[in-house]
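Text of coords.cif, listed as mmCIF, C-alpha atoms:
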```cif
data_run
#
loop_
_atom_site.group_PDB
_atom_site.id
_atom_site.type_symbol
_atom_site.label_atom_id
_atom_site.label_comp_id
_atom_site.auth_asym_id
_atom_site.auth_seq_id
_atom_site.Cartn_x
_atom_site.Cartn_y
_atom_site.Cartn_z
ATOM 1 C CA MET A 25 0.000 0.000 0.000
ATOM 2 C CA ILE A 26 1.342 3.422 -1.000
ATOM 3 C CA LEU A 27 1.415 5.902 1.870
ATOM 4 C CA ASP A 28 -0.258 9.207 0.944
ATOM 5 C CA ILE A 29 1.350 11.552 3.470
ATOM 6 C CA THR A 30 -0.455 14.626 2.120
ATOM 7 C CA LYS A 31 -3.557 13.413 3.980
ATOM 8 C CA ILE A 32 -1.910 14.043 7.347
ATOM 9 C CA PHE A 33 0.620 16.767 6.405
ATOM 10 C CA LEU A 34 -1.615 19.508 5.073
ATOM 11 C CA LYS A 35 0.976 22.138 4.069
ATOM 12 C CA ILE A 36 3.393 20.092 1.994
ATOM 13 C CA LYS A 37 3.772 19.747 -1.752
ATOM 14 C CA ARG A 38 5.985 17.352 -3.659
ATOM 15 C CA SER A 39 8.620 18.950 -5.848
ATOM 16 C CA SER A 40 10.084 17.622 -9.081
ATOM 17 C CA ASP A 41 13.103 16.372 -7.119
ATOM 18 C CA GLY A 42 10.868 13.904 -5.239
ATOM 19 C CA ILE A 43 11.008 15.744 -1.894
ATOM 20 C CA PHE A 44 8.043 17.386 -0.189
ATOM 21 C CA TYR A 45 8.474 21.054 0.722
ATOM 22 C CA THR A 46 6.620 23.837 2.512
ATOM 23 C CA SER A 47 7.177 27.582 2.490
ATOM 24 C CA SER A 48 9.051 27.321 5.812
ATOM 25 C CA ASN A 49 12.006 29.590 6.410
ATOM 26 C CA GLN A 50 12.212 28.953 10.152
ATOM 27 C CA SER A 51 15.753 29.030 11.542
ATOM 28 C CA ILE A 52 17.210 25.925 13.181
ATOM 29 C CA SER A 53 19.976 25.462 15.727
ATOM 30 C CA TYR A 54 22.203 23.225 13.634
ATOM 31 C CA PRO A 55 25.340 24.097 11.633
ATOM 32 C CA THR A 56 24.817 24.273 7.889
ATOM 33 C CA GLU A 57 27.727 21.904 7.238
ATOM 34 C CA GLY A 58 26.609 19.401 9.896
ATOM 35 C CA ASN A 59 24.751 17.038 7.581
ATOM 36 C CA GLU A 60 27.607 16.824 5.099
ATOM 37 C CA LEU A 61 30.108 16.080 7.866
ATOM 38 C CA CYS A 62 27.886 13.338 9.308
ATOM 39 C CA MET A 63 27.250 11.865 5.868
ATOM 40 C CA GLN A 64 30.971 11.202 5.500
ATOM 41 C CA VAL A 65 31.198 9.050 8.624
ATOM 42 C CA GLU A 66 27.773 7.542 9.376
ATOM 43 C CA ASP A 67 28.101 4.261 7.499
ATOM 44 C CA SER A 68 31.476 3.369 9.026
ATOM 45 C CA SER A 69 30.991 4.893 12.483
ATOM 46 C CA PHE A 70 30.717 2.618 15.538
ATOM 47 C CA TRP A 71 28.758 5.349 17.317
ATOM 48 C CA PHE A 72 26.115 5.724 14.598
ATOM 49 C CA ASN A 73 25.776 1.973 14.005
ATOM 50 C CA HIS A 74 25.546 1.083 17.709
ATOM 51 C CA ARG A 75 22.880 3.743 18.222
ATOM 52 C CA ASN A 76 20.997 2.486 15.143
ATOM 53 C CA ASN A 77 20.967 -1.091 16.427
ATOM 54 C CA ILE A 78 19.534 -0.061 19.787
ATOM 55 C CA ILE A 79 16.941 2.251 18.236
ATOM 56 C CA ALA A 80 15.788 -0.399 15.759
ATOM 57 C CA GLU A 81 15.486 -3.184 18.323
ATOM 58 C CA THR A 82 13.638 -0.929 20.779
ATOM 59 C CA ILE A 83 11.119 0.171 18.161
ATOM 60 C CA LYS A 84 10.517 -3.427 17.089
ATOM 61 C CA LYS A 85 9.748 -4.299 20.707
ATOM 62 C CA PHE A 86 7.136 -1.616 21.294
ATOM 63 C CA ASN A 87 5.748 -0.573 17.932
ATOM 64 C CA LYS A 88 2.252 -1.651 16.924
ATOM 65 C CA GLU A 89 1.941 0.213 13.634
ATOM 66 C CA LYS A 90 4.265 0.275 10.644
ATOM 67 C CA VAL A 91 4.119 4.042 10.040
ATOM 68 C CA PHE A 92 6.990 5.844 11.761
ATOM 69 C CA LEU A 93 7.697 9.587 11.816
ATOM 70 C CA ASP A 94 11.353 10.579 12.163
ATOM 71 C CA ILE A 95 11.467 14.269 13.124
ATOM 72 C CA GLY A 96 14.762 16.042 12.466
ATOM 73 C CA GLY A 97 15.993 12.926 10.708
ATOM 74 C CA GLY A 98 19.142 14.487 9.253
ATOM 75 C CA ASN A 99 20.642 12.392 6.457
ATOM 76 C CA GLY A 100 18.183 9.555 7.005
ATOM 77 C CA PHE A 101 20.615 7.110 8.630
ATOM 78 C CA VAL A 102 18.080 5.952 11.232
ATOM 79 C CA SER A 103 15.156 6.151 8.804
ATOM 80 C CA LYS A 104 16.925 3.964 6.241
ATOM 81 C CA ARG A 105 17.468 1.255 8.851
ATOM 82 C CA LEU A 106 13.809 1.376 9.893
ATOM 83 C CA GLN A 107 12.633 1.409 6.281
ATOM 84 C CA ASP A 108 14.820 -1.628 5.556
ATOM 85 C CA ASP A 109 13.219 -3.307 8.587
ATOM 86 C CA GLY A 110 9.783 -2.901 7.021
ATOM 87 C CA PHE A 111 8.492 0.358 8.484
ATOM 88 C CA LYS A 112 6.719 3.003 6.388
ATOM 89 C CA VAL A 113 8.979 5.877 7.377
ATOM 90 C CA ILE A 114 8.227 9.572 7.022
ATOM 91 C CA LEU A 115 11.264 11.781 7.564
ATOM 92 C CA ILE A 116 11.022 15.495 8.381
ATOM 93 C CA GLU A 117 14.244 17.451 8.091
ATOM 94 C CA PRO A 118 14.335 21.265 7.978
ATOM 95 C CA GLY A 119 17.816 21.386 6.452
ATOM 96 C CA LYS A 120 17.767 21.096 2.658
ATOM 97 C CA VAL A 121 21.106 19.269 2.500
ATOM 98 C CA GLY A 122 19.937 16.656 4.994
ATOM 99 C CA ALA A 123 16.623 16.213 3.173
ATOM 100 C CA GLN A 124 18.408 15.741 -0.160
ATOM 101 C CA ASN A 125 20.875 13.266 1.375
ATOM 102 C CA SER A 126 17.970 11.324 2.875
ATOM 103 C CA TYR A 127 16.163 11.081 -0.438
ATOM 104 C CA GLU A 128 19.331 10.015 -2.241
ATOM 105 C CA ARG A 129 19.855 7.425 0.499
ATOM 106 C CA GLY A 130 16.553 5.868 -0.511
ATOM 107 C CA ILE A 131 14.044 7.251 1.982
ATOM 108 C CA GLN A 132 10.712 7.199 0.175
ATOM 109 C CA ASN A 133 8.894 9.948 2.110
ATOM 110 C CA VAL A 134 11.070 12.994 2.795
ATOM 111 C CA ILE A 135 9.663 16.337 3.946
ATOM 112 C CA CYS A 136 11.955 19.374 4.017
ATOM 113 C CA SER A 137 10.290 21.422 6.739
ATOM 114 C CA THR A 138 10.050 22.038 10.443
ATOM 115 C CA LEU A 139 7.340 20.135 12.296
ATOM 116 C CA GLU A 140 5.460 23.372 12.950
ATOM 117 C CA GLU A 141 5.325 24.351 9.269
ATOM 118 C CA SER A 142 4.408 20.918 7.909
ATOM 119 C CA GLY A 143 0.718 21.091 8.810
ATOM 120 C CA LEU A 144 0.767 17.707 10.546
ATOM 121 C CA LYS A 145 -2.691 16.860 11.886
ATOM 122 C CA LYS A 146 -3.248 16.454 15.592
ATOM 123 C CA GLU A 147 -3.292 12.900 16.992
ATOM 124 C CA SER A 148 -2.351 11.423 13.597
ATOM 125 C CA ILE A 149 0.845 9.440 14.277
ATOM 126 C CA TYR A 150 1.340 6.396 16.513
ATOM 127 C CA SER A 151 5.153 6.395 16.567
ATOM 128 C CA ILE A 152 7.501 9.384 16.539
ATOM 129 C CA GLY A 153 11.293 9.488 16.821
ATOM 130 C CA LEU A 154 13.409 12.408 18.054
ATOM 131 C CA PHE A 155 16.946 11.146 17.629
ATOM 132 C CA ASP A 156 19.383 13.754 18.943
ATOM 133 C CA VAL A 157 16.879 16.521 18.257
ATOM 134 C CA ILE A 158 15.516 18.112 21.430
ATOM 135 C CA GLU A 159 18.942 19.324 22.583
ATOM 136 C CA HIS A 160 18.770 21.660 19.565
ATOM 137 C CA MET A 161 15.539 23.218 20.864
ATOM 138 C CA GLU A 162 15.932 26.353 22.952
ATOM 139 C CA ASN A 163 12.516 25.626 24.455
ATOM 140 C CA ASP A 164 12.457 21.833 24.674
ATOM 141 C CA ARG A 165 9.368 21.912 26.894
ATOM 142 C CA GLN A 166 7.295 23.766 24.314
ATOM 143 C CA PHE A 167 8.515 21.487 21.541
ATOM 144 C CA LEU A 168 7.688 18.261 23.426
ATOM 145 C CA ASN A 169 4.244 19.592 24.217
ATOM 146 C CA LYS A 170 3.650 20.137 20.483
ATOM 147 C CA VAL A 171 4.943 16.667 19.617
ATOM 148 C CA ASN A 172 2.626 15.091 22.173
ATOM 149 C CA GLY A 173 -0.331 16.727 20.443
ATOM 150 C CA HIS A 174 0.461 14.893 17.207
ATOM 151 C CA LEU A 175 0.616 11.430 18.788
ATOM 152 C CA LYS A 176 -2.349 9.084 18.682
ATOM 153 C CA ASP A 177 -3.771 7.954 21.995
ATOM 154 C CA GLY A 178 -1.394 5.351 23.413
ATOM 155 C CA GLY A 179 1.311 6.265 20.927
ATOM 156 C CA TYR A 180 5.055 6.020 21.496
ATOM 157 C CA LEU A 181 7.801 8.633 21.428
ATOM 158 C CA TYR A 182 11.409 7.455 21.001
ATOM 159 C CA ILE A 183 14.205 9.829 22.021
ATOM 160 C CA THR A 184 17.987 9.892 22.091
ATOM 161 C CA VAL A 185 19.888 12.831 23.595
ATOM 162 C CA PRO A 186 23.450 13.666 24.676
ATOM 163 C CA SER A 187 23.945 13.030 28.381
ATOM 164 C CA TYR A 188 25.529 14.767 31.367
ATOM 165 C CA LYS A 189 26.220 18.470 31.525
ATOM 166 C CA PHE A 190 29.780 17.853 32.776
ATOM 167 C CA LEU A 191 30.599 16.326 29.379
ATOM 168 C CA TRP A 192 29.823 19.613 27.632
ATOM 169 C CA SER A 193 32.533 20.562 25.139
ATOM 170 C CA GLU A 194 33.190 22.777 22.139
ATOM 171 C CA GLU A 195 31.505 20.120 20.015
ATOM 172 C CA ASP A 196 28.214 20.904 21.760
ATOM 173 C CA ASP A 197 28.645 24.593 20.978
ATOM 174 C CA GLU A 198 29.516 23.878 17.359
ATOM 175 C CA ALA A 199 26.567 21.492 16.992
ATOM 176 C CA GLY A 200 24.085 24.079 18.244
ATOM 177 C CA HIS A 201 23.144 22.273 21.458
ATOM 178 C CA TYR A 202 21.313 24.078 24.237
ATOM 179 C CA LYS A 203 21.670 21.399 26.916
ATOM 180 C CA ARG A 204 22.526 17.841 27.881
ATOM 181 C CA TYR A 205 20.330 15.484 29.900
ATOM 182 C CA THR A 206 20.305 12.686 32.455
ATOM 183 C CA LEU A 207 17.771 9.867 32.585
ATOM 184 C CA SER A 208 16.083 11.463 35.587
ATOM 185 C CA SER A 209 15.923 14.962 34.088
ATOM 186 C CA LEU A 210 14.591 13.679 30.759
ATOM 187 C CA ASN A 211 12.007 11.419 32.402
ATOM 188 C CA LYS A 212 10.822 14.302 34.556
ATOM 189 C CA LEU A 213 10.554 16.555 31.529
ATOM 190 C CA LEU A 214 8.496 13.971 29.667
ATOM 191 C CA LYS A 215 6.253 13.317 32.665
ATOM 192 C CA ASP A 216 5.415 17.029 32.834
ATOM 193 C CA PHE A 217 3.798 16.733 29.402
ATOM 194 C CA GLY A 218 1.804 13.564 29.922
ATOM 195 C CA PHE A 219 4.338 10.962 28.814
ATOM 196 C CA LYS A 220 4.981 7.772 30.748
ATOM 197 C CA SER A 221 8.460 6.296 30.456
ATOM 198 C CA VAL A 222 8.392 2.559 29.682
ATOM 199 C CA TYR A 223 12.082 2.090 28.886
ATOM 200 C CA SER A 224 15.175 4.256 29.321
ATOM 201 C CA THR A 225 18.889 3.554 29.368
ATOM 202 C CA TYR A 226 22.322 5.014 28.733
ATOM 203 C CA ILE A 227 23.572 3.490 25.485
ATOM 204 C CA PHE A 228 27.215 4.633 25.587
ATOM 205 C CA SER A 229 27.961 4.426 29.309
ATOM 206 C CA LEU A 230 31.112 2.324 28.848
ATOM 207 C CA LEU A 231 32.587 5.038 26.630
#
```
Can you turn what I pasted into structure tokens?
Amino acid sequence: MILDITKIFLKIKRSSDGIFYTSSNQSISYPTEGNELCMQVEDSSFWFNHRNNIIAETIKKFNKEKVFLDIGGGNGFVSKRLQDDGFKVILIEPGKVGAQNSYERGIQNVICSTLEESGLKKESIYSIGLFDVIEHMENDRQFLNKVNGHLKDGGYLYITVPSYKFLWSEEDDEAGHYKRYTLSSLNKLLKDFGFKSVYSTYIFSLL
């Protein structure tokens, strides 16, 4: 079955290059060269592959529907793994370079937009991923509240974030991060907006 994403994203239009666009010009806290730099290392990187394995296995364990929304999906490294595993993935990426890389990587449904500008219907998605995304949000609380409004009743939100403030470095500044998290601080943040944590872990603790 072909997924018609224009039925749930009301402000997008497919361009001749195969990517869906909106009229969004909203600024994002991410370096313009970030996607190209990541694209050069993702396939061979232990960090990216280990994170992908954990994300994929966790989603398989909890997911009940095959449609998965990857918000801020970058170059589509996570989305490609999920798509290969049989999920109908929709990737939203506000950066044009990342969106183009994702489409060239083989992601079938790529939207170049912010979540806010995409026109996504309320309570329309069962599974949403925010993989190293919310640390780029100056107001993470407001953003999570918006994301919650797009989830179906009983839906799942999957998140990865950088951990521990004491590990802050120049790389965080260069990447456009606003903060780092701990399990307790992230779980508390999610609880404030009606989420219930069913599984959380540090995935690089030995490093």
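For the pair CA of Gln107 in chain A and CA of Asn73 in chain A, the interatomic distance is 15.3 Å.
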List the residues sitting within 10 Å of (20.1, 17.9, 2.2) in the file's frame, using all atoms listed in the file, as a ChimeraX atom specification.
/A:56-57,59-60,98-100,117-128,136
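Distance check against Gly153 in chain A using only C-alpha atoms: of A:Ser208, A:Ser193, A:Asn133, A:Thr82, the minimum falls on A:Thr82.
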In file coordinates, which residues lie within 9 Å of (24.3, 3.0, 4.9) using only C-alpha atoms, given as a PyMOL selection string?
chain A and resi 66-68+101+104-105+129
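Counting all atoms listed in the file and comparing A:Glu81, A:Glu194, A:Asp216, A:Glu147, the residue that lies closest to Val102 in chain A is A:Glu81.
Neighbouring residues of Arg165 in chain A at 9 Å or closer, counting all atoms listed in the file and skipping chain neighbours under 4 positions away, are A:Met161, A:Asn169, A:Lys170, A:Leu213, A:Leu214, A:Asp216, A:Phe217.
Put simply, CA of Ser148 in chain A is 9.9 Å away from CA of Lys31 in chain A.
Across the structure, CA of Asp196 in chain A and CA of Glu141 in chain A are spaced 26.3 Å apart.
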Apply the PyMOL selection byres ((chain A and resi 32) around 10) to the displayed file and report the matching residues as a PyMOL selection string.
chain A and resi 28-31+33-36+142-149
Selection from above, C-alpha atoms, as a PDB file, in the frame of the given file, can you write it?
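Writing done, so here's part04.pdb:
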```pdb
ATOM      1  CA  ASP A  28      -0.258   9.207   0.944  1.00  0.00           C
ATOM      2  CA  ILE A  29       1.350  11.552   3.470  1.00  0.00           C
ATOM      3  CA  THR A  30      -0.455  14.626   2.120  1.00  0.00           C
ATOM      4  CA  LYS A  31      -3.557  13.413   3.980  1.00  0.00           C
ATOM      5  CA  PHE A  33       0.620  16.767   6.405  1.00  0.00           C
ATOM      6  CA  LEU A  34      -1.615  19.508   5.073  1.00  0.00           C
ATOM      7  CA  LYS A  35       0.976  22.138   4.069  1.00  0.00           C
ATOM      8  CA  ILE A  36       3.393  20.092   1.994  1.00  0.00           C
ATOM      9  CA  SER A 142       4.408  20.918   7.909  1.00  0.00           C
ATOM     10  CA  GLY A 143       0.718  21.091   8.810  1.00  0.00           C
ATOM     11  CA  LEU A 144       0.767  17.707  10.546  1.00  0.00           C
ATOM     12  CA  LYS A 145      -2.691  16.860  11.886  1.00  0.00           C
ATOM     13  CA  LYS A 146      -3.248  16.454  15.592  1.00  0.00           C
ATOM     14  CA  GLU A 147      -3.292  12.900  16.992  1.00  0.00           C
ATOM     15  CA  SER A 148      -2.351  11.423  13.597  1.00  0.00           C
ATOM     16  CA  ILE A 149       0.845   9.440  14.277  1.00  0.00           C
TER      17      ILE A 149
END
```
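Minimum atom-to-atom distance to Asp156 in chain A, evaluated using all atoms listed in the file, belongs to A:Arg75 out of A:Arg75, A:His174, A:Lys90, A:Lys37.
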List the residues selected by the PyMOL selection byres ((chain A and resi 182-186) around 9) in the file shown, writing them as an NGL selection string.
:A and (75 or 79 or 82-83 or 151-159 or 180-181 or 187-189 or 191 or 203-206 or 210)
Selection from above, C-alpha atoms, as an mmCIF file, in the frame of the given file, can you write it?
```
data_model
loop_
_atom_site.group_PDB
_atom_site.id
_atom_site.type_symbol
_atom_site.label_atom_id
_atom_site.label_comp_id
_atom_site.auth_asym_id
_atom_site.auth_seq_id
_atom_site.Cartn_x
_atom_site.Cartn_y
_atom_site.Cartn_z
ATOM 1 C CA ARG A 75 22.880 3.743 18.222
ATOM 2 C CA ILE A 79 16.941 2.251 18.236
ATOM 3 C CA THR A 82 13.638 -0.929 20.779
ATOM 4 C CA ILE A 83 11.119 0.171 18.161
ATOM 5 C CA SER A 151 5.153 6.395 16.567
ATOM 6 C CA ILE A 152 7.501 9.384 16.539
ATOM 7 C CA GLY A 153 11.293 9.488 16.821
ATOM 8 C CA LEU A 154 13.409 12.408 18.054
ATOM 9 C CA PHE A 155 16.946 11.146 17.629
ATOM 10 C CA ASP A 156 19.383 13.754 18.943
ATOM 11 C CA VAL A 157 16.879 16.521 18.257
ATOM 12 C CA ILE A 158 15.516 18.112 21.430
ATOM 13 C CA GLU A 159 18.942 19.324 22.583
ATOM 14 C CA TYR A 180 5.055 6.020 21.496
ATOM 15 C CA LEU A 181 7.801 8.633 21.428
ATOM 16 C CA SER A 187 23.945 13.030 28.381
ATOM 17 C CA TYR A 188 25.529 14.767 31.367
ATOM 18 C CA LYS A 189 26.220 18.470 31.525
ATOM 19 C CA LEU A 191 30.599 16.326 29.379
ATOM 20 C CA LYS A 203 21.670 21.399 26.916
ATOM 21 C CA ARG A 204 22.526 17.841 27.881
ATOM 22 C CA TYR A 205 20.330 15.484 29.900
ATOM 23 C CA THR A 206 20.305 12.686 32.455
ATOM 24 C CA LEU A 210 14.591 13.679 30.759
#
```
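Here the question is which of A:Lys220, A:Asn163, A:Gly42, A:Asn77 gets nearest to Tyr202 in chain A using only C-alpha atoms, and that residue is A:Asn163.
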For range 192-203 of chain A, which lacks atoms in the input, supply all heavy atoms and format the output as a tab-separated table (two decimals), keeping the file's coordinate frame.
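As written to disk, part.tsv reads:
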```tsv
chain	number	residue	atom	x	y	z
A	192	TRP	N	29.95	18.53	28.63
A	192	TRP	CA	29.82	19.61	27.63
A	192	TRP	C	31.19	20.01	27.09
A	192	TRP	O	32.16	20.14	27.83
A	192	TRP	CB	29.16	20.83	28.28
A	192	TRP	CG	28.75	21.87	27.29
A	192	TRP	CD1	29.52	22.86	26.76
A	192	TRP	CD2	27.45	22.03	26.70
A	192	TRP	NE1	28.80	23.62	25.88
A	192	TRP	CE2	27.52	23.14	25.81
A	192	TRP	CE3	26.24	21.34	26.82
A	192	TRP	CZ2	26.42	23.57	25.08
A	192	TRP	CZ3	25.16	21.77	26.09
A	192	TRP	CH2	25.25	22.87	25.23
A	193	SER	N	31.27	20.21	25.78
A	193	SER	CA	32.53	20.56	25.14
A	193	SER	C	32.27	21.53	23.99
A	193	SER	O	31.12	21.90	23.71
A	193	SER	CB	33.23	19.31	24.60
A	193	SER	OG	32.52	18.78	23.48
A	194	GLU	N	33.32	21.89	23.30
A	194	GLU	CA	33.19	22.78	22.14
A	194	GLU	C	32.33	22.14	21.05
A	194	GLU	O	31.69	22.84	20.27
A	194	GLU	CB	34.58	23.11	21.57
A	194	GLU	CG	35.40	24.04	22.45
A	194	GLU	CD	36.72	24.40	21.80
A	194	GLU	OE1	36.94	23.97	20.65
A	194	GLU	OE2	37.52	25.12	22.43
A	195	GLU	N	32.32	20.81	21.01
A	195	GLU	CA	31.50	20.12	20.02
A	195	GLU	C	30.02	20.41	20.22
A	195	GLU	O	29.26	20.48	19.26
A	195	GLU	CB	31.77	18.62	20.05
A	195	GLU	CG	33.15	18.24	19.54
A	195	GLU	CD	33.36	16.75	19.44
A	195	GLU	OE1	32.40	15.99	19.73
A	195	GLU	OE2	34.47	16.33	19.07
A	196	ASP	N	29.60	20.55	21.49
A	196	ASP	CA	28.21	20.90	21.76
A	196	ASP	C	27.91	22.30	21.25
A	196	ASP	O	26.84	22.54	20.65
A	196	ASP	CB	27.93	20.83	23.27
A	196	ASP	CG	27.96	19.41	23.80
A	196	ASP	OD1	26.94	18.71	23.64
A	196	ASP	OD2	28.99	19.00	24.35
A	197	ASP	N	28.83	23.23	21.47
A	197	ASP	CA	28.64	24.59	20.98
A	197	ASP	C	28.57	24.61	19.45
A	197	ASP	O	27.69	25.27	18.86
A	197	ASP	CB	29.80	25.49	21.44
A	197	ASP	CG	29.82	25.67	22.95
A	197	ASP	OD1	28.74	25.81	23.55
A	197	ASP	OD2	30.93	25.69	23.52
A	198	GLU	N	29.46	23.89	18.82
A	198	GLU	CA	29.52	23.88	17.36
A	198	GLU	C	28.28	23.20	16.76
A	198	GLU	O	27.83	23.56	15.67
A	198	GLU	CB	30.78	23.16	16.89
A	198	GLU	CG	32.07	23.92	17.22
A	198	GLU	CD	33.31	23.10	16.95
A	198	GLU	OE1	33.16	21.92	16.53
A	198	GLU	OE2	34.43	23.62	17.13
A	199	ALA	N	27.73	22.22	17.49
A	199	ALA	CA	26.57	21.49	16.99
A	199	ALA	C	25.25	22.24	17.22
A	199	ALA	O	24.21	21.82	16.72
A	199	ALA	CB	26.50	20.12	17.65
A	200	GLY	N	25.30	23.33	17.98
A	200	GLY	CA	24.08	24.08	18.24
A	200	GLY	C	23.24	23.50	19.36
A	200	GLY	O	22.02	23.65	19.36
A	201	HIS	N	23.88	22.83	20.32
A	201	HIS	CA	23.14	22.27	21.46
A	201	HIS	C	22.82	23.36	22.47
A	201	HIS	O	23.59	24.30	22.67
A	201	HIS	CB	23.98	21.19	22.16
A	201	HIS	CG	24.19	19.98	21.34
A	201	HIS	ND1	25.00	18.93	21.73
A	201	HIS	CD2	23.69	19.61	20.12
A	201	HIS	CE1	25.00	17.99	20.80
A	201	HIS	NE2	24.22	18.38	19.82
A	202	TYR	N	21.68	23.19	23.14
A	202	TYR	CA	21.31	24.08	24.24
A	202	TYR	C	21.53	23.42	25.59
A	202	TYR	O	21.73	24.10	26.60
A	202	TYR	CB	19.85	24.50	24.12
A	202	TYR	CG	19.62	25.53	23.04
A	202	TYR	CD1	19.11	25.17	21.80
A	202	TYR	CD2	19.92	26.88	23.26
A	202	TYR	CE1	18.90	26.12	20.80
A	202	TYR	CE2	19.71	27.84	22.27
A	202	TYR	CZ	19.20	27.45	21.05
A	202	TYR	OH	19.00	28.39	20.07
A	203	LYS	N	21.50	22.08	25.63
A	203	LYS	CA	21.67	21.40	26.92
A	203	LYS	C	21.98	19.93	26.70
A	203	LYS	O	21.86	19.39	25.60
A	203	LYS	CB	20.43	21.54	27.78
A	203	LYS	CG	19.16	20.93	27.20
A	203	LYS	CD	17.96	21.17	28.09
A	203	LYS	CE	17.61	22.64	28.15
A	203	LYS	NZ	16.36	22.90	28.92
```
